[in-house]
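Trainee: Here you go, one structure.
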Amino acid sequence: MRTKLSLILVIAIALGISIACRKAEEPAAAAAPATPAWTDLFAADLSDAEFPAGIWTVTDGVITASEDQALWTKKDYENFVLDLEFMTAPGTNSGVIVYCSDVANWIPNSVEVQIADDFAEQWAKAPATWHCGAVFGHLAPAKSAVKKPGEWNRYTITCAGKRITVVLNGETVTDMDLSLWTSAKTNPDGSEIPAWLSRPKAELATKGRIGFQGKHAGAPIYFRNIRIKQLS
């Protein structure tokens, strides 16, 4: 009996050594690829932003403006996802600006993702390319997804080269290929482009500053939780 137990013990030890050796020879499992991290677009006090003194303020993490002056990043961005929350007031008309190459003359030299109180009569009756979620003046949102004034909305805007995708409150409302917009006068569907948007979107560089329009049309706009993630 003792001899059998000794033999079993020897076999078990040998098997354990063999398995351990095989595991040591096997290559280590590949580590999961690192994913780009979300970072705040601005410092909490806006010390790293560019804007006229006294116009933009922050209270409890909510950013707003007292005049129609834009808030800008100080550096250019390309290939990124921008995630943020915004809240309108009655009559708000504002926007998120990407690919801006000239902050002094940003309107024709950038892409504006429209923010509007679509419940207000003046914006509800405006052209569809002026509605919330549109690429302003160029491509209307596929559906209405903005909440009523006083409620927080979420935008996720993906800018990948010539492709811009806008998700509003979980709904994909706009998907635009800038390369199709070769005219400064008419959109691909034949609708008219506002005269002040005087550069074809196909000509714009796909790298530039990110900005936020201020208190436009007399109504305030509020932003919070603005984050960015670079795309590889």
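FYI, nothing fancy with the structure tokens labels: chains A, B, ... in order, residues from 1 per chain, ligands from 1 as they appear.
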Give me, as a tab-separated table, each residue of stretch 97-173 of chain A that comes within 12 Å of stretch 48-67 of chain A, together with its shortest interatomic pair and the distance in Å at one decimal, counting only C-alpha atoms, with rows ordered by chain and rising residue number.

Mentor:
residue	atom	partner	partner_atom	distance
A:Val103	CA	A:Glu50	CA	9.9
A:Ala104	CA	A:Phe51	CA	11.2
A:Trp152	CA	A:Val62	CA	11.1

Trainee: Quick one: pick out all strand (DSSP E) residues within chain A from a backbone DSSP run and write them as a ChimeraX atom specification.

Mentor: /A:39-40,49-50,56-59,62-65,71-73,80-88,93-100,111-116,152-160,163-168,171-177,209-212,221-230

Trainee: Report, in Å to a single decimal, how far apart atom CA of A:Cys159 and atom CA of A:Trp123 are.

Mentor: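 The value is 25.9 Å.
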
Trainee: Work out how far atom CA of A:Val98 is from atom CA of A:Ala134, in Å to one decimal.

Mentor: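 Going from atom CA of A:Ala134 over to atom CA of A:Val98, I get 13.3 Å.
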
Trainee: Give the answer as one residue: which of A:Leu46, A:Pro220, A:Leu139, A:Ala205 has the shortest atom-to-atom distance to A:Ala160, using only C-alpha atoms?

Mentor: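 Of A:Leu46, A:Pro220, A:Leu139, A:Ala205, the one nearest A:Ala160, counting only C-alpha atoms, is A:Ala205.
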
Trainee: Using DSSP on the backbone coordinates, identify all residues within stretch 57-130 of chain A classified as alpha helix (DSSP H); present the result as a list in words.

Mentor: Glu121, Gln122, Trp123 and Ala124 of chain A

Trainee: Export, as a PDB file, in the first residue's frame, the selected residues with C-alpha atoms.

Mentor:
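The new file part27.pdb reads:
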ATOM      1  CA  GLU A 121     -41.661  79.871 -33.119  1.00  0.00           C
ATOM      2  CA  GLN A 122     -38.860  81.805 -34.838  1.00  0.00           C
ATOM      3  CA  TRP A 123     -36.626  78.718 -35.030  1.00  0.00           C
ATOM      4  CA  ALA A 124     -39.387  76.190 -35.616  1.00  0.00           C
TER       5      ALA A 124
END

Trainee: Do you have the atom CA of A:Lys74-atom CA of A:Gly137 distance handy?

Mentor: 26.0 Å

Trainee: Considering only C-alpha atoms, can you say which of A:Ser47, A:Thr156, A:Ser191, A:Ser198 comes closest to A:Val173?

Mentor: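 For A:Val173, the nearest of the given residues is A:Thr156.
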